[in-house]
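> Here it is, the structure in full.
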Amino acid sequence: MYEKVNSFDINNKERIYNLLVLKGEALIKGYFLALKQGACKGQPYSNFFTTMSNQIDLLLVYFINDEISASLHERGPLSELRDELIADFYQDEDFKRLEIAKQDLFELFGARTDFIIGSNFLDFTVNTFSTFEHYVDELYEELIQIEPRSNKKEIELVKLIEIYSSELDEDKKKCALEKIKGVNFYVSSAEKISYVFSKCNMDKQVRSELRDFLDHYRSQRNTVHNLGIHKGKSKSIEVDGIEIKLDESNPSFTENYNSAIFACRKLMDIYEIMLATVRGVVVC
């Protein structure tokens, strides 16, 4: 039996509370969206909102487990678990590696807590924006069936091919060929999001602010490719009164990690607007 000897941390309690509220919102909206999409009672379903709930779960599990163990003397059964698993699986060739890892284990749960929290929130940002991209991609594919994108690139390619076919000068022919090679029909996720977003009816100022928000969220997500370091120009946004900064050659910084939770809610709101625009579905 392990006795609670330390008070729960007020910061972690607030994060857990906000995550629970966000999770509840995601599950409610996921349920109503499933009903509107024809799901029957008791039938399993999956959509944007339930997938977002899955990403919230990862943070909830971490913060709840961390807070429970932090409230116990010396993290409760941590030492017992460590000793038991080593006894169960020990191999002589692992001795030195285990000694080093054992020394570092309590540092992981103590001195490096801020780093672990930041890493978890970076993963949360990556996962939630990737979820957003995936489901907006579906909306994009539906939308272009109704409102096809401009065929400007096709027209450009045809003209270049005509120039290449009729040109007698070899240098000019090579130049046309290089231009043909440069015509790219790939549509990036950013372009797809931008196209769907452009069809949403909203105030000009609101549109500008939401575009900046999406650009910032994407830039945060992209830092995962640079071990969390932002390589572009410095930028910042404010979400529910909390600033999230992306300074050049630095990791993302915020005074309050709840900003990531509030930003996720805003991302969900934007998806709702896009969903209503493309499918005419209002969740609730």
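The chains in the structure tokens are called A, B, ... from first to last as shown; in each chain the residues are counted from 1, and the ligands are counted from 1 in the order shown.
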Please identify which residues in region 140-258 of chain A DSSP calls helix (DSSP H, G or I) from the backbone, and express them as JSON, numbers by chain.
{"A": [140, 141, 142, 143, 144, 145, 146, 152, 153, 154, 155, 156, 157, 158, 159, 160, 161, 162, 163, 164, 165, 166, 170, 171, 172, 173, 174, 175, 176, 177, 178, 179, 180, 181, 182, 189, 190, 191, 192, 193, 194, 195, 196, 197, 198, 204, 205, 206, 207, 208, 209, 210, 211, 212, 213, 214, 215, 216, 217, 218, 219, 220, 221, 222, 223, 224, 225, 226, 258]}
> Calculated over only C-alpha atoms, which of the candidates A:Ala263, A:Leu59, A:Leu72, A:Ala34 has the smallest distance to Tyr2 (chain A)?
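Using only C-alpha atoms, the shortest distance to Tyr2 (chain A) belongs to A:Leu72.
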> How far is it from CA of Leu177 (chain A) to CA of Tyr164 (chain A), in Å with one decimal?
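Between these atoms lies a distance of 6.6 Å.
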